[in-house]
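As structure tokens, the structure follows; a few thoughts come after it.
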Number of protein chains: 2
Amino acid sequence: MEVRPAGSEDLTVTFDDVRAAAERLRGVAHRTPVVTATSLDERVGAHVFLKAENLQRIGAFKFRGAYNRIAQLTPEERTGGVVAFSSGNHAQGVALAAKLLGVPAVIVMPTDAPAAKLAATRGYGAEVIMYDRHRMNRAELAASIAAERGAVLVPPYDDPMIVAGQGTAALELIEQAGPLDVLLAPLGGGGLLAGCALAATGLSPGVRIYGVEPEAGDDWVQSWNAGEIVSIPVPRTIADGQQTQAPGALTWEIVRPLAAGIVTVTDDEIRAAMRFAFERLKLVVEPSGASALAALLFGKVDARGARVGVVISGGNVDPATFAAALATPSS
Amino acid sequence: MEVRPAGSEDLTVTFDDVRAAAERLRGVAHRTPVVTATSLDERVGAHVFLKAENLQRIGAFKFRGAYNRIAQLTPEERTGGVVAFSSGNHAQGVALAAKLLGVPAVIVMPTDAPAAKLAATRGYGAEVIMYDRHRMNRAELAASIAAERGAVLVPPYDDPMIVAGQGTAALELIEQAGPLDVLLAPLGGGGLLAGCALAATGLSPGVRIYGVEPEAGDDWVQSWNAGEIVSIPVPRTIADGQQTQAPGALTWEIVRPLAAGIVTVTDDEIRAAMRFAFERLKLVVEPSGASALAALLFGKVDARGARVGVVISGGNVDPATFAAALATPSS
């Protein structure tokens, strides 16, 4: 299918773009394993296939989209480099992809970003520019840097090439696991879900696709119910990768017709899913990365007897947050 | 090669037995993924392939050997069932394998075994018999239970079929990663290392094989240096799966001619390896399971420029122990 949001002729993305992204990522991104567990199947009464994107390069799916975008820069654009604003996985995805492609990268991060994420981003060779999140607008700052240097802004999700890149996670999952009846993916800005929806509906017709967001940050649910994009204040949730305030324009246009619905999970359910992944799967999963698994474990969608794909989207979590989640009794 | 310890004509095990075990385990054991990480390769200056047996059924390689042993019971033996003594991964391996094969299982565990391990073992349908470790000899108890019920004792490592089963981990690793120059595996009783040595020397001639044990429990190093089996007191180490007091008779006979050497790691090095696996690999690894990775990270063997296989042998660790290891500064 081709999606063409009103007023932006450039913003088209199709299943073929996901396939092309997969070719670009071959031998560059990890083909992450699909993990299965009898204990999980028995608990939810389904056949569950977990796509372990926490084992992806940089520890999250974000590398896929960033690489797919930066690989398509023109020779002139490469010279000017790329700029991105993020304190999370997108920063590391852009930094690593740029390094591999020999493109200079500037990452705009808040002054209070965790030291570990700063170090990781610099470790991939990116230049980090700090901003005071209380006094400056990061999008304006990034835009001015882009203008000054002739750099290309790499957005975190609302971009056809980013969406196509993220969709390769579901493309691989279905190649590895076979056709799915249900697919669950975490939902922040919507890049992962949009790309996965394009791939899954392309490969596995009839699949029911659900996005999962934290209850405290239910901008997608509100938008879904309103039938149009709704913005919310910055949500307070343990799921730091899902603190977006509104669906993206492009991702919304893709997700709305393709998804079966959007469900929410509480922070406690997310912690329980992280603990389940620790105890039964032996995987380190970050809060946002565990949200789709939480939705399955806590019965937010009807999955009984189905072949269910779940994207475990990332594993970048600091030790203290992880230890605190483990200390939460599982249910 | 065929290994025939003096005085025990039955105790033979060959590379062909490992191949036969792999056939028995096909579709039953997980073909666990091989994990690679640029950060690890850069740190140690080698090409490293991690066999993630923490993602194996029951969370450890022990399922392989147990299943291979129990699958070869005669019809009469199946009726009497199996008995094993273990408070660790062997208990769960035997319990699950017996359940899958429809064989009754008794597991003898100490009264102070962790509640989680008790529950997991019972969860696989095994009957658990408790004993007071200060007042009773578990081996004698297990033997008397075996005699009473006509059950077959499944030893944790010193058995040809157990050894052959464990060796399938290295067989798969080399099938997945290609030939290796160096192979590192954790060493307790020696079942894993012996089996992996048979497989690796069979598939990858010239490979240098190292066993890794905790410094506090260096029964293999002492035996290696003495040229004969040496026993030590029960060691105090975080690596609860490597608290054996002496090499097995069979495993010693296999390992001695095939291994290049035995190296040790400290408990702090093990904790650092667990933290490295958390931060960079997103894998939950138990202390014993991290020992071979620790040896590589801390330069215990010369691996520069080599293709190095490392067995991550298990991931069954309680949350408190794991959180404490994460709180240890990495080096």
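Each chain in the structure tokens gets a letter, A, B, ..., in the order shown, and its residues are numbered from 1; ligands are numbered from 1 in order too.
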
Applying 7 Å and only C-alpha atoms, which residues near Val35 of chain A remain after dropping the ones on its own chain fewer than 2 positions away? List them as a PDB file with N, CA and C atoms, in the first residue's frame.
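Result saved to selection31.pdb:
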ATOM      1  N   PRO A  33      17.584 -12.632  17.092  1.00  0.00           N
ATOM      2  CA  PRO A  33      16.883 -13.904  17.253  1.00  0.00           C
ATOM      3  C   PRO A  33      15.416 -13.732  17.629  1.00  0.00           C
ATOM      4  N   ALA A  37       9.290 -19.397  24.485  1.00  0.00           N
ATOM      5  CA  ALA A  37       9.375 -19.965  25.829  1.00  0.00           C
ATOM      6  C   ALA A  37       8.069 -20.676  26.164  1.00  0.00           C
ATOM      7  N   PHE A  49       6.046 -15.467  19.701  1.00  0.00           N
ATOM      8  CA  PHE A  49       7.357 -15.291  19.074  1.00  0.00           C
ATOM      9  C   PHE A  49       7.857 -13.881  19.397  1.00  0.00           C
ATOM     10  N   LEU A  50       8.919 -13.840  20.185  1.00  0.00           N
ATOM     11  CA  LEU A  50       9.433 -12.552  20.650  1.00  0.00           C
ATOM     12  C   LEU A  50      10.603 -12.119  19.776  1.00  0.00           C
ATOM     13  N   LYS A  51      10.487 -10.982  19.133  1.00  0.00           N
ATOM     14  CA  LYS A  51      11.581 -10.461  18.311  1.00  0.00           C
ATOM     15  C   LYS A  51      12.488  -9.640  19.224  1.00  0.00           C
ATOM     16  N   ALA A  52      13.681 -10.176  19.472  1.00  0.00           N
ATOM     17  CA  ALA A  52      14.554  -9.611  20.508  1.00  0.00           C
ATOM     18  C   ALA A  52      15.405  -8.464  19.973  1.00  0.00           C
TER      19      ALA A  52
END

Against chain B, which residues of chain A fall within 7 Å? For each one I want the closest pair of atoms and the distance in Å (one decimal), counting only C-alpha atoms, rows by chain and increasing residue number, as CSV.
residue,atom,partner,partner_atom,distance
A:Pro33,CA,B:Pro33,CA,6.4
A:Asn54,CA,B:Lys282,CA,6.4
A:Leu55,CA,B:Lys282,CA,6.3
A:Phe278,CA,B:Val284,CA,6.6
A:Leu281,CA,B:Leu55,CA,6.5
A:Lys282,CA,B:Val284,CA,4.7
A:Leu283,CA,B:Leu283,CA,4.9
A:Val284,CA,B:Lys282,CA,4.7
A:Gly315,CA,B:Lys282,CA,5.8
A:Pro319,CA,B:Leu326,CA,6.0
A:Ala323,CA,B:Ala323,CA,5.3
A:Leu326,CA,B:Pro319,CA,6.0

Keeping only N, CA, C and O atoms, write the selected residues to a file as a tab-separated table (two decimals), in the first residue's frame.
chain	number	residue	atom	x	y	z
A	33	PRO	N	17.58	-12.63	17.09
A	33	PRO	CA	16.88	-13.90	17.25
A	33	PRO	C	15.42	-13.73	17.63
A	33	PRO	O	15.02	-12.71	18.19
A	54	ASN	N	16.21	-5.98	21.60
A	54	ASN	CA	17.17	-5.55	22.62
A	54	ASN	C	18.57	-6.08	22.29
A	54	ASN	O	19.56	-5.53	22.77
A	55	LEU	N	18.63	-7.12	21.46
A	55	LEU	CA	19.92	-7.66	21.03
A	55	LEU	C	20.40	-7.02	19.72
A	55	LEU	O	21.40	-7.45	19.15
A	278	PHE	N	13.39	-11.17	32.75
A	278	PHE	CA	14.59	-11.52	33.52
A	278	PHE	C	14.51	-12.98	33.96
A	278	PHE	O	15.45	-13.76	33.77
A	281	LEU	N	13.00	-15.43	30.50
A	281	LEU	CA	13.59	-15.32	29.17
A	281	LEU	C	15.08	-15.03	29.22
A	281	LEU	O	15.77	-15.17	28.22
A	282	LYS	N	15.57	-14.57	30.37
A	282	LYS	CA	16.99	-14.22	30.56
A	282	LYS	C	17.42	-13.07	29.66
A	282	LYS	O	18.56	-13.00	29.20
A	283	LEU	N	16.46	-12.18	29.40
A	283	LEU	CA	16.72	-11.01	28.57
A	283	LEU	C	16.60	-9.74	29.40
A	283	LEU	O	15.70	-9.62	30.23
A	284	VAL	N	17.51	-8.81	29.14
A	284	VAL	CA	17.43	-7.48	29.74
A	284	VAL	C	16.58	-6.62	28.82
A	284	VAL	O	16.92	-6.42	27.65
A	315	GLY	N	16.81	-2.71	25.10
A	315	GLY	CA	17.31	-3.18	26.39
A	315	GLY	C	18.20	-2.17	27.10
A	315	GLY	O	18.95	-2.55	28.00
A	319	PRO	N	21.26	0.27	35.58
A	319	PRO	CA	21.19	-0.80	36.57
A	319	PRO	C	20.20	-0.50	37.71
A	319	PRO	O	19.49	-1.41	38.15
A	323	ALA	N	17.19	-2.91	38.62
A	323	ALA	CA	17.12	-3.57	39.93
A	323	ALA	C	15.81	-3.25	40.63
A	323	ALA	O	15.20	-4.12	41.27
A	326	LEU	N	13.11	-5.38	39.21
A	326	LEU	CA	13.21	-6.77	39.67
A	326	LEU	C	12.66	-6.93	41.08
A	326	LEU	O	12.16	-7.98	41.45

(message) Env of Phe85 of chain B: 7 Å cut, atoms = only C-alpha atoms, seq-sep filter 6 positions within chain, self excluded. Answer as a VMD selection string.
(response) chain B and resid 91 107 to 109 138 142

(message) Based on the backbone DSSP call, show me all residues of segment 38-247 of chain A assigned strand (DSSP E), as a PyMOL selection string.
(response) chain A and resi 47-52+82-85+105-110+127-131+152-153+182-186+208-214

(message) Can you tell me, as a ChimeraX atom specification, which residues in segment 65-189 of chain B count as helix (DSSP H, G or I) by DSSP?
(response) /B:65-70,75-80,89-101,115-123,138-149,160-177

(message) as a ChimeraX atom specification, please: the residues near segment 80-84 of chain A (cut-off 10 Å, only C-alpha atoms, same-chain neighbours under 3 positions excluded).
(response) /A:66,70,73,75-77,87,90-92,94-95,98,102-109,126-128,138-139,142-143,145-156

Restrict the selected residues to C-alpha atoms and save them as an mmCIF file, in the first residue's frame.
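And here's part.cif as it stands now:
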data_model
loop_
_atom_site.group_PDB
_atom_site.id
_atom_site.type_symbol
_atom_site.label_atom_id
_atom_site.label_comp_id
_atom_site.auth_asym_id
_atom_site.auth_seq_id
_atom_site.Cartn_x
_atom_site.Cartn_y
_atom_site.Cartn_z
ATOM 1 C CA ALA A 66 18.620 5.611 11.327
ATOM 2 C CA ILE A 70 21.468 8.025 6.436
ATOM 3 C CA LEU A 73 21.748 10.723 1.752
ATOM 4 C CA PRO A 75 26.844 12.625 -1.788
ATOM 5 C CA GLU A 76 26.410 16.374 -1.126
ATOM 6 C CA GLU A 77 24.252 15.728 1.909
ATOM 7 C CA SER A 87 18.583 11.627 24.799
ATOM 8 C CA HIS A 90 17.630 7.372 18.539
ATOM 9 C CA ALA A 91 20.800 9.289 19.472
ATOM 10 C CA GLN A 92 22.855 6.125 19.542
ATOM 11 C CA VAL A 94 22.052 7.890 14.423
ATOM 12 C CA ALA A 95 25.561 8.070 15.894
ATOM 13 C CA ALA A 98 26.620 7.812 10.708
ATOM 14 C CA GLY A 102 31.420 7.841 7.262
ATOM 15 C CA VAL A 103 29.054 10.770 7.804
ATOM 16 C CA PRO A 104 29.628 13.413 10.508
ATOM 17 C CA ALA A 105 26.905 13.456 13.165
ATOM 18 C CA VAL A 106 25.799 16.032 15.713
ATOM 19 C CA ILE A 107 23.497 14.892 18.484
ATOM 20 C CA VAL A 108 21.628 17.485 20.518
ATOM 21 C CA MET A 109 21.111 16.226 24.071
ATOM 22 C CA ALA A 126 29.225 11.710 17.317
ATOM 23 C CA GLU A 127 29.635 15.338 18.385
ATOM 24 C CA VAL A 128 27.283 16.047 21.275
ATOM 25 C CA ARG A 138 15.651 21.474 21.111
ATOM 26 C CA ALA A 139 13.875 21.285 17.766
ATOM 27 C CA ALA A 142 18.676 21.298 15.955
ATOM 28 C CA ALA A 143 17.149 23.157 13.000
ATOM 29 C CA ILE A 145 22.516 23.679 13.626
ATOM 30 C CA ALA A 146 21.274 21.949 10.502
ATOM 31 C CA ALA A 147 20.983 25.286 8.693
ATOM 32 C CA GLU A 148 24.412 26.512 9.831
ATOM 33 C CA ARG A 149 26.266 23.369 8.834
ATOM 34 C CA GLY A 150 24.201 22.275 5.896
ATOM 35 C CA ALA A 151 23.400 19.134 7.870
ATOM 36 C CA VAL A 152 20.346 16.956 7.339
ATOM 37 C CA LEU A 153 18.023 16.565 10.295
ATOM 38 C CA VAL A 154 17.254 12.901 11.025
ATOM 39 C CA PRO A 155 13.887 12.826 12.784
ATOM 40 C CA PRO A 156 13.165 10.094 15.326
#

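Pairwise distance (atom CA of Ile162 of chain B, atom CA of Ala97 of chain B) equals 12.2 Å.
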
(request) For segment 183-194 of chain A, please output as a list of chain:residue names all residues within 6 Å (counting only C-alpha atoms; exclusion window: fewer than 5 positions along the same chain). (result) A:Tyr157, A:Val163, A:Gln166, A:Ile209, A:Tyr210, A:Gly211, A:Val212, A:Glu213, A:Gln242, A:Thr244, A:Pro247, A:Gly248, A:Thr251, A:Ile254, A:Val255, A:Ser291, A:Ala292, A:Val308, A:Gly309, A:Val310, A:Val311

(request) Between atom CA of Ser86 of chain A and atom CA of Ala116 of chain A, measure the distance and give it in Å to one decimal. (result) 13.8 Å

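Shortest separation to Asp218 of chain B among B:Arg24, B:Arg78, B:Arg236, B:Arg69 occurs at residue B:Arg236, atoms counted being only C-alpha atoms.
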
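With only C-alpha atoms as the atoms that count, the residue of A:Ala199, A:Met274, A:Val265, A:Ala249 with the shortest distance to Gly299 of chain A is A:Val265.
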
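Considering only C-alpha atoms, the residue among B:Cys196, B:Leu250, B:Ala273, B:Ala170 positioned nearest to Asp158 of chain B is B:Leu250.
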